[in-house]
Amino acid sequence: MGKAIKNLFIFIVVFLVIGGLFSLYQTSTKEVDEISLNKLVEQVENSEVKQIIVDGNKLEIILNDDTKQTTNKENEESLSQILKNYGVSEGRIRDLNVEIRGESSTAFWLGSILPFLLPLLLIGGFIYFMLRQVQGSNNRAMSFGQSKARNEKKTTLKNQIKFKDVAGVKEAKEELLEVVEFLKTPKRFLSLGAKIPKGVLLVGPPGTGKTLIARAVSGEANVPFFHISGSEFVEMFVGVGASRVRDLFKQAKSTAPCIVFIDEIDAVGRQRGSGLGGSHDEREQTLNQILVEMDGFDTNTNVIIIAATNRPDVLDPALLRPGRFDRRVMLDMPDIGDREEILKVHAIGKPFDSGIDLRRLAERTPGFSGADLSNLLNEAAILAARRDKKKIFMDDCLDSIDKVLLGPERKSHILNEKEKKIAAYHEAGHAVVAHLLPNADPIRKVSIMSRGSAAGYTLKLPSEDRHMHSKSYFFDEITVLLAGHVTEKIFFKEVTTGASNDLKEATRLAKELTTRYGMSEALGPRTYGQPEEMIFLGKEIHEKRDYSNDTASMIDKEIMKVIRSCYSRAKNMVIKARPKVTEVANLLLEKETIEQKEFRELFD
């Protein structure tokens, strides 16, 4: 569309230029008086004429006072003959200053040929313009089925991503190192009859670096890297996706050895036959073509297919069989050591203060992915710039953690004195109970500054990464969640809506403890309920009940039993630690925020 507008603009400009030149040549002489031959003869007789310029049949007359006039004569007659016919004496004729001009070639072209040539040029230009547009449309139609994969081969080592640029994921690097060695020296493997996996499936939560490590494989092997998203295969027209798959693999084979990276392959690789569409669904045809192309690789074709997804459970089994994506590489959330290494990588190029402790930041960011950690340091740099600092300090990083976890600080959300006091006691109840319970996570920060949708918050994070949780841990967590609600009721004799999110989270944990983890003595060690999923839509529609109504009633009673037990426990702890809750609440009302060190000093 942009090219067509550009061509039309050029065409209009050329037309205006040609028309302007023609109009300049044809400029009318309305300013010059046109007289008759009788008047000219009279002026000659009176010696008023200074010069006469003869230009074909046109006579330009210049009088003694430099006034210009014009008239026309007959084609066959000369000026001197006309004057004689009008009775002018030969002496007067000889005294006249007469200049005769011949017709130039430019005037001939502009006056004679151009009026006929210009319309032909305009019509020819218009026909050429239309033909170009039709040709461009045909080219786009012919290229509609071509692959949109981007070949991102780096010509300089400076821009290549290597394994050293990807922090953490040590096991994934070891798995993919075999792919790099095969791309570099395939004969070493083929000579022993070994077959390298044709496809590698990268599986992990969003932000764990699946695309980054795929680029690192290309950088280590120094081979072309074709990048395409799974959604770019599918179009509304039948057969386009399959055509693009064929074109992609054709390009890959022509530039082998190379890597083809398909991001979000679950967009086209979902299980067939279970969607809303029929057997001729365009997405299924695209998947069929991918399966055929991967199975049709020669043993000596050095093309490695790397795909990424965070939904391996919905992929078609044919994609995961040996000979296709027969190697699965897991990328988990980084642990505390990996988070520290990732922070070091993203800290390069940022002016940090000498007091920055990346290990402390890694401890306060459990559950953060690599993308989250990158965003964390970027937010810290933005906060430092807004505060007119030349370097990034530790408080900027800590504030950015709160912003990433809870949202931006809402300075305009000002509570009145009563609401502020309720929020202070609410958060103090959370913090004191969490500090006293043995299995609860340690308190990092307590604040009554509004962030996101919360009027206040108690930030408690584990000091080390945990992969398994006990029943006592869940009971302590539910007790901490209910402590704010209990504190409001004890100190103010009524409760507010501020505890709604705490109650929701406590109910969720109690339900999972009962129905998912088999920690209920009354119900026994089994799970209850299975989420059913419609593969085509990719979202949970409802939960399949694999238990009776009597069991459902028992589940409700067990959930309520857990909630009441933790509520009673929290109530007893708040009553016993009432002076400490009051002390923490008063400090919050005074300072609004209490850090971990200052909070611990209250108990020491």
# chains A, B, ... in the order shown; residues from 1 in each chain; ligands from 1

call {"tool": "residues_around", "arguments": {"residues": "region 421-434 of chain A", "least_positions_apart": "3", "cutoff": "9 Å", "atoms": "only C-alpha atoms", "output": "number ranges by chain"}}
result
A: 416-418, 437-443, 445-448, 455-460, 476-477, 479-488, 491-492, 496, 498-499, 570, 573-574, 577-578, 580-589, 592, 599

call {"tool": "write_last_selection", "arguments": {"atoms": "C-alpha atoms", "output": "PDB file, in the first residue's frame"}}
result
ATOM      1  CA  ASN A 416      -8.097   8.568  56.856  1.00  0.00           C
ATOM      2  CA  GLU A 417      -6.821   8.212  60.406  1.00  0.00           C
ATOM      3  CA  LYS A 418      -9.196   5.393  61.348  1.00  0.00           C
ATOM      4  CA  LEU A 437       5.289 -19.521  63.909  1.00  0.00           C
ATOM      5  CA  PRO A 438       8.202 -21.936  63.269  1.00  0.00           C
ATOM      6  CA  ASN A 439       7.299 -22.956  59.698  1.00  0.00           C
ATOM      7  CA  ALA A 440       6.239 -19.577  58.281  1.00  0.00           C
ATOM      8  CA  ASP A 441       8.500 -17.638  55.946  1.00  0.00           C
ATOM      9  CA  PRO A 442      10.568 -14.856  57.557  1.00  0.00           C
ATOM     10  CA  ILE A 443       9.313 -11.269  57.415  1.00  0.00           C
ATOM     11  CA  LYS A 445       9.122  -5.842  55.121  1.00  0.00           C
ATOM     12  CA  VAL A 446       5.899  -4.519  56.658  1.00  0.00           C
ATOM     13  CA  SER A 447       4.250  -1.406  55.251  1.00  0.00           C
ATOM     14  CA  ILE A 448       0.957   0.477  55.247  1.00  0.00           C
ATOM     15  CA  ALA A 455      -3.892  -0.709  51.425  1.00  0.00           C
ATOM     16  CA  GLY A 456      -0.865  -2.292  53.114  1.00  0.00           C
ATOM     17  CA  TYR A 457       1.260  -5.417  52.820  1.00  0.00           C
ATOM     18  CA  THR A 458       3.462  -7.798  54.770  1.00  0.00           C
ATOM     19  CA  LEU A 459       6.280  -9.133  52.608  1.00  0.00           C
ATOM     20  CA  LYS A 460       7.522 -12.538  53.773  1.00  0.00           C
ATOM     21  CA  ASP A 476       1.157 -21.966  59.488  1.00  0.00           C
ATOM     22  CA  GLU A 477       0.547 -20.117  56.223  1.00  0.00           C
ATOM     23  CA  THR A 479      -2.811 -19.067  60.269  1.00  0.00           C
ATOM     24  CA  VAL A 480      -0.759 -16.066  59.102  1.00  0.00           C
ATOM     25  CA  LEU A 481      -3.367 -15.226  56.451  1.00  0.00           C
ATOM     26  CA  LEU A 482      -6.159 -15.232  59.038  1.00  0.00           C
ATOM     27  CA  ALA A 483      -4.142 -13.235  61.590  1.00  0.00           C
ATOM     28  CA  GLY A 484      -5.060  -9.874  60.040  1.00  0.00           C
ATOM     29  CA  HIS A 485      -8.784 -10.659  60.182  1.00  0.00           C
ATOM     30  CA  VAL A 486      -8.428 -11.847  63.794  1.00  0.00           C
ATOM     31  CA  THR A 487      -6.471  -8.736  64.828  1.00  0.00           C
ATOM     32  CA  GLU A 488      -9.144  -6.396  63.466  1.00  0.00           C
ATOM     33  CA  PHE A 491      -8.761  -4.614  68.621  1.00  0.00           C
ATOM     34  CA  PHE A 492     -11.753  -2.970  66.894  1.00  0.00           C
ATOM     35  CA  THR A 496     -13.473  -4.698  57.389  1.00  0.00           C
ATOM     36  CA  GLY A 498      -9.412  -5.337  53.934  1.00  0.00           C
ATOM     37  CA  ALA A 499      -9.107  -9.054  54.752  1.00  0.00           C
ATOM     38  CA  ALA A 570      -4.249 -17.184  65.238  1.00  0.00           C
ATOM     39  CA  MET A 573      -1.438 -16.030  69.414  1.00  0.00           C
ATOM     40  CA  VAL A 574      -2.668 -12.459  68.849  1.00  0.00           C
ATOM     41  CA  ALA A 577       1.232 -11.201  71.845  1.00  0.00           C
ATOM     42  CA  ARG A 578      -1.136  -8.240  72.143  1.00  0.00           C
ATOM     43  CA  LYS A 580       3.900  -6.713  70.675  1.00  0.00           C
ATOM     44  CA  VAL A 581       1.146  -6.265  68.082  1.00  0.00           C
ATOM     45  CA  THR A 582       0.415  -2.820  69.519  1.00  0.00           C
ATOM     46  CA  GLU A 583       4.114  -1.922  69.446  1.00  0.00           C
ATOM     47  CA  VAL A 584       4.501  -2.913  65.799  1.00  0.00           C
ATOM     48  CA  ALA A 585       1.278  -1.103  64.842  1.00  0.00           C
ATOM     49  CA  ASN A 586       2.388   2.114  66.570  1.00  0.00           C
ATOM     50  CA  LEU A 587       5.736   1.961  64.778  1.00  0.00           C
ATOM     51  CA  LEU A 588       3.930   1.507  61.469  1.00  0.00           C
ATOM     52  CA  LEU A 589       1.734   4.528  62.174  1.00  0.00           C
ATOM     53  CA  GLU A 592       4.695   3.617  57.610  1.00  0.00           C
ATOM     54  CA  PHE A 599      11.416  -5.626  62.780  1.00  0.00           C
TER      55      PHE A 599
END

call {"tool": "residues_around", "arguments": {"residues": "Tyr528 (chain A)", "least_positions_apart": "6", "cutoff": "12 Å", "atoms": "only C-alpha atoms", "output": "list in words"}}
result
Lys511, Glu512, Leu513, Thr514, Thr515, Arg516, Tyr517, Gly518, Met519, Ser520, Glu543, Lys544, Arg545, Asp546, Tyr547, Ser548, Asn549, Thr551, Ala552, Met554, Ile555 and Asp556 of chain A

call {"tool": "write_last_selection", "arguments": {"atoms": "N, CA, C and O atoms", "output": "compact mmCIF listing (two decimals), in the first residue's frame"}}
result
# COMPACT_ATOMS: atom_id res chain seq x y z
N LYS A 511 -8.37 -25.81 50.58
CA LYS A 511 -8.95 -26.72 49.60
C LYS A 511 -7.88 -27.60 48.95
O LYS A 511 -8.07 -28.80 48.77
N GLU A 512 -6.74 -27.00 48.58
CA GLU A 512 -5.67 -27.78 47.97
C GLU A 512 -5.11 -28.79 48.97
O GLU A 512 -4.78 -29.93 48.61
N LEU A 513 -4.97 -28.39 50.22
CA LEU A 513 -4.48 -29.29 51.26
C LEU A 513 -5.39 -30.50 51.40
O LEU A 513 -4.94 -31.62 51.64
N THR A 514 -6.70 -30.28 51.21
CA THR A 514 -7.68 -31.35 51.40
C THR A 514 -7.87 -32.20 50.16
O THR A 514 -7.90 -33.44 50.23
N THR A 515 -7.99 -31.57 48.99
CA THR A 515 -8.38 -32.29 47.77
C THR A 515 -7.23 -32.64 46.85
O THR A 515 -7.36 -33.52 46.01
N ARG A 516 -6.10 -31.96 46.98
CA ARG A 516 -5.01 -32.16 46.02
C ARG A 516 -3.81 -32.89 46.62
O ARG A 516 -3.18 -33.72 45.97
N TYR A 517 -3.50 -32.57 47.88
CA TYR A 517 -2.28 -33.11 48.48
C TYR A 517 -2.55 -34.29 49.41
O TYR A 517 -1.60 -34.87 49.95
N GLY A 518 -3.80 -34.67 49.63
CA GLY A 518 -4.12 -35.82 50.45
C GLY A 518 -3.68 -35.70 51.90
O GLY A 518 -3.23 -36.68 52.51
N MET A 519 -3.79 -34.49 52.48
CA MET A 519 -3.33 -34.26 53.85
C MET A 519 -4.47 -34.26 54.86
O MET A 519 -4.28 -33.87 56.02
N SER A 520 -5.66 -34.65 54.43
CA SER A 520 -6.79 -34.72 55.34
C SER A 520 -6.91 -36.13 55.90
O SER A 520 -6.94 -37.11 55.13
N GLU A 543 -14.54 -28.51 36.24
CA GLU A 543 -13.83 -29.56 36.96
C GLU A 543 -14.68 -30.83 36.97
O GLU A 543 -15.88 -30.79 37.29
N LYS A 544 -14.06 -31.92 36.61
CA LYS A 544 -14.76 -33.20 36.59
C LYS A 544 -14.83 -33.75 38.02
O LYS A 544 -13.81 -33.92 38.68
N ARG A 545 -16.02 -34.01 38.49
CA ARG A 545 -16.21 -34.52 39.85
C ARG A 545 -16.15 -36.05 39.81
O ARG A 545 -17.01 -36.70 39.21
N ASP A 546 -15.10 -36.59 40.42
CA ASP A 546 -14.97 -38.04 40.50
C ASP A 546 -15.32 -38.53 41.90
O ASP A 546 -14.72 -39.48 42.40
N TYR A 547 -16.25 -37.84 42.55
CA TYR A 547 -16.67 -38.22 43.90
C TYR A 547 -18.17 -37.91 44.04
O TYR A 547 -18.75 -37.16 43.26
N SER A 548 -18.77 -38.51 45.06
CA SER A 548 -20.21 -38.39 45.26
C SER A 548 -20.56 -37.11 46.01
O SER A 548 -19.68 -36.38 46.48
N ASN A 549 -21.86 -36.87 46.13
CA ASN A 549 -22.32 -35.69 46.87
C ASN A 549 -22.00 -35.78 48.35
O ASN A 549 -21.73 -34.77 49.01
N THR A 551 -19.35 -37.21 49.58
CA THR A 551 -17.93 -36.86 49.69
C THR A 551 -17.73 -35.36 49.55
O THR A 551 -16.88 -34.76 50.23
N ALA A 552 -18.51 -34.72 48.67
CA ALA A 552 -18.42 -33.27 48.52
C ALA A 552 -18.76 -32.57 49.83
O ALA A 552 -18.14 -31.57 50.21
N MET A 554 -18.30 -33.86 52.79
CA MET A 554 -17.17 -34.10 53.68
C MET A 554 -16.00 -33.15 53.36
O MET A 554 -15.31 -32.66 54.26
N ILE A 555 -15.80 -32.87 52.06
CA ILE A 555 -14.73 -31.95 51.65
C ILE A 555 -15.01 -30.56 52.21
O ILE A 555 -14.11 -29.89 52.75
N ASP A 556 -16.26 -30.12 52.10
CA ASP A 556 -16.61 -28.80 52.64
C ASP A 556 -16.37 -28.74 54.15
O ASP A 556 -15.87 -27.74 54.68

call {"tool": "select_by_dssp", "arguments": {"residues": "region 242-398 of chain A", "states": "helix (DSSP H, G or I)", "output": "PyMOL selection string"}}
result
chain A and resi 242-254+265-267+282-295+312-314+317-320+336-346+358-363+370-386+394-398

call {"tool": "residues_around", "arguments": {"residues": "Arg215 (chain A)", "least_positions_apart": "3", "cutoff": "10 Å", "atoms": "only C-alpha atoms", "output": "list in words"}}
result
Glu152, Lys153, Gln160, Ile161, Lys162, Phe163, Val166, Gly209, Lys210, Thr211, Leu212, Ser218, Gly219, Glu220, Ala221, Pro224, Phe225, Phe226, His227, Ile259 and Phe261 of chain A

call {"tool": "select_by_dssp", "arguments": {"residues": "region 229-425 of chain A", "states": "strand (DSSP E or B)", "output": "PyMOL selection string"}}
result
chain A and resi 229+258-263+270+303-309+315+327-330+352+392+409

call {"tool": "write_last_selection", "arguments": {"atoms": "N, CA and C atoms", "output": "PDB file, in the first residue's frame"}}
result
ATOM      1  N   SER A 229       7.263 -17.947  14.661  1.00  0.00           N
ATOM      2  CA  SER A 229       6.289 -18.289  15.694  1.00  0.00           C
ATOM      3  C   SER A 229       5.281 -19.287  15.140  1.00  0.00           C
ATOM      4  N   CYS A 258      21.965 -25.690   9.876  1.00  0.00           N
ATOM      5  CA  CYS A 258      21.278 -24.532  10.430  1.00  0.00           C
ATOM      6  C   CYS A 258      20.337 -24.996  11.540  1.00  0.00           C
ATOM      7  N   ILE A 259      19.728 -24.007  12.184  1.00  0.00           N
ATOM      8  CA  ILE A 259      18.764 -24.265  13.250  1.00  0.00           C
ATOM      9  C   ILE A 259      17.460 -23.578  12.891  1.00  0.00           C
ATOM     10  N   VAL A 260      16.352 -24.303  13.016  1.00  0.00           N
ATOM     11  CA  VAL A 260      15.015 -23.744  12.827  1.00  0.00           C
ATOM     12  C   VAL A 260      14.348 -23.697  14.197  1.00  0.00           C
ATOM     13  N   PHE A 261      14.018 -22.503  14.646  1.00  0.00           N
ATOM     14  CA  PHE A 261      13.410 -22.339  15.965  1.00  0.00           C
ATOM     15  C   PHE A 261      11.941 -21.956  15.794  1.00  0.00           C
ATOM     16  N   ILE A 262      11.039 -22.778  16.332  1.00  0.00           N
ATOM     17  CA  ILE A 262       9.601 -22.528  16.272  1.00  0.00           C
ATOM     18  C   ILE A 262       9.142 -22.173  17.683  1.00  0.00           C
ATOM     19  N   ASP A 263       8.816 -20.916  17.890  1.00  0.00           N
ATOM     20  CA  ASP A 263       8.385 -20.456  19.202  1.00  0.00           C
ATOM     21  C   ASP A 263       6.878 -20.707  19.370  1.00  0.00           C
ATOM     22  N   ARG A 270      -1.202 -28.645  18.767  1.00  0.00           N
ATOM     23  CA  ARG A 270      -2.145 -29.238  19.717  1.00  0.00           C
ATOM     24  C   ARG A 270      -2.684 -30.570  19.202  1.00  0.00           C
ATOM     25  N   VAL A 303      20.042 -30.239   9.812  1.00  0.00           N
ATOM     26  CA  VAL A 303      19.037 -29.258  10.196  1.00  0.00           C
ATOM     27  C   VAL A 303      18.440 -29.702  11.525  1.00  0.00           C
ATOM     28  N   ILE A 304      18.559 -28.853  12.527  1.00  0.00           N
ATOM     29  CA  ILE A 304      18.030 -29.149  13.855  1.00  0.00           C
ATOM     30  C   ILE A 304      16.804 -28.268  14.099  1.00  0.00           C
ATOM     31  N   ILE A 305      15.690 -28.884  14.484  1.00  0.00           N
ATOM     32  CA  ILE A 305      14.466 -28.149  14.798  1.00  0.00           C
ATOM     33  C   ILE A 305      14.390 -27.991  16.317  1.00  0.00           C
ATOM     34  N   ILE A 306      14.360 -26.756  16.773  1.00  0.00           N
ATOM     35  CA  ILE A 306      14.189 -26.464  18.198  1.00  0.00           C
ATOM     36  C   ILE A 306      12.854 -25.755  18.363  1.00  0.00           C
ATOM     37  N   ALA A 307      12.025 -26.267  19.242  1.00  0.00           N
ATOM     38  CA  ALA A 307      10.717 -25.672  19.497  1.00  0.00           C
ATOM     39  C   ALA A 307      10.593 -25.348  20.977  1.00  0.00           C
ATOM     40  N   ALA A 308       9.764 -24.368  21.284  1.00  0.00           N
ATOM     41  CA  ALA A 308       9.570 -23.933  22.669  1.00  0.00           C
ATOM     42  C   ALA A 308       8.083 -23.904  22.980  1.00  0.00           C
ATOM     43  N   THR A 309       7.756 -24.292  24.199  1.00  0.00           N
ATOM     44  CA  THR A 309       6.366 -24.248  24.647  1.00  0.00           C
ATOM     45  C   THR A 309       6.331 -24.270  26.169  1.00  0.00           C
ATOM     46  N   LEU A 315       0.290 -30.987  23.522  1.00  0.00           N
ATOM     47  CA  LEU A 315       0.904 -31.292  22.228  1.00  0.00           C
ATOM     48  C   LEU A 315       0.457 -32.657  21.730  1.00  0.00           C
ATOM     49  N   ARG A 327      13.791 -35.304  22.031  1.00  0.00           N
ATOM     50  CA  ARG A 327      14.561 -34.866  23.197  1.00  0.00           C
ATOM     51  C   ARG A 327      13.842 -33.675  23.817  1.00  0.00           C
ATOM     52  N   ARG A 328      13.581 -33.800  25.097  1.00  0.00           N
ATOM     53  CA  ARG A 328      12.879 -32.748  25.825  1.00  0.00           C
ATOM     54  C   ARG A 328      13.822 -32.141  26.858  1.00  0.00           C
ATOM     55  N   VAL A 329      13.999 -30.829  26.778  1.00  0.00           N
ATOM     56  CA  VAL A 329      14.894 -30.109  27.687  1.00  0.00           C
ATOM     57  C   VAL A 329      14.035 -29.234  28.587  1.00  0.00           C
ATOM     58  N   MET A 330      14.150 -29.447  29.893  1.00  0.00           N
ATOM     59  CA  MET A 330      13.356 -28.703  30.865  1.00  0.00           C
ATOM     60  C   MET A 330      14.120 -27.471  31.340  1.00  0.00           C
ATOM     61  N   PHE A 352      26.078   0.688  39.280  1.00  0.00           N
ATOM     62  CA  PHE A 352      25.610   0.324  40.611  1.00  0.00           C
ATOM     63  C   PHE A 352      26.510   0.918  41.688  1.00  0.00           C
ATOM     64  N   ILE A 392      22.775   3.509  40.875  1.00  0.00           N
ATOM     65  CA  ILE A 392      21.651   2.724  41.376  1.00  0.00           C
ATOM     66  C   ILE A 392      22.019   2.195  42.756  1.00  0.00           C
ATOM     67  N   GLU A 409       3.516   2.297  43.765  1.00  0.00           N
ATOM     68  CA  GLU A 409       3.044   2.943  44.992  1.00  0.00           C
ATOM     69  C   GLU A 409       1.964   3.963  44.656  1.00  0.00           C
TER      70      GLU A 409
END

call {"tool": "residues_around", "arguments": {"residues": "Ala172 (chain A)", "least_positions_apart": "4", "cutoff": "9 Å", "atoms": "only C-alpha atoms", "output": "list in words"}}
result
Gly168, Leu176, Leu177, Leu202, Ile213, Val329, Met330 and Leu331 of chain A

call {"tool": "residues_around", "arguments": {"residues": "Met294 (chain A)", "least_positions_apart": "5", "cutoff": "9 Å", "atoms": "only C-alpha atoms", "output": "list in words"}}
result
Lys198, Gly199, Phe249, Gln289, Ile305, Gly323, Arg324 and Phe325 of chain A
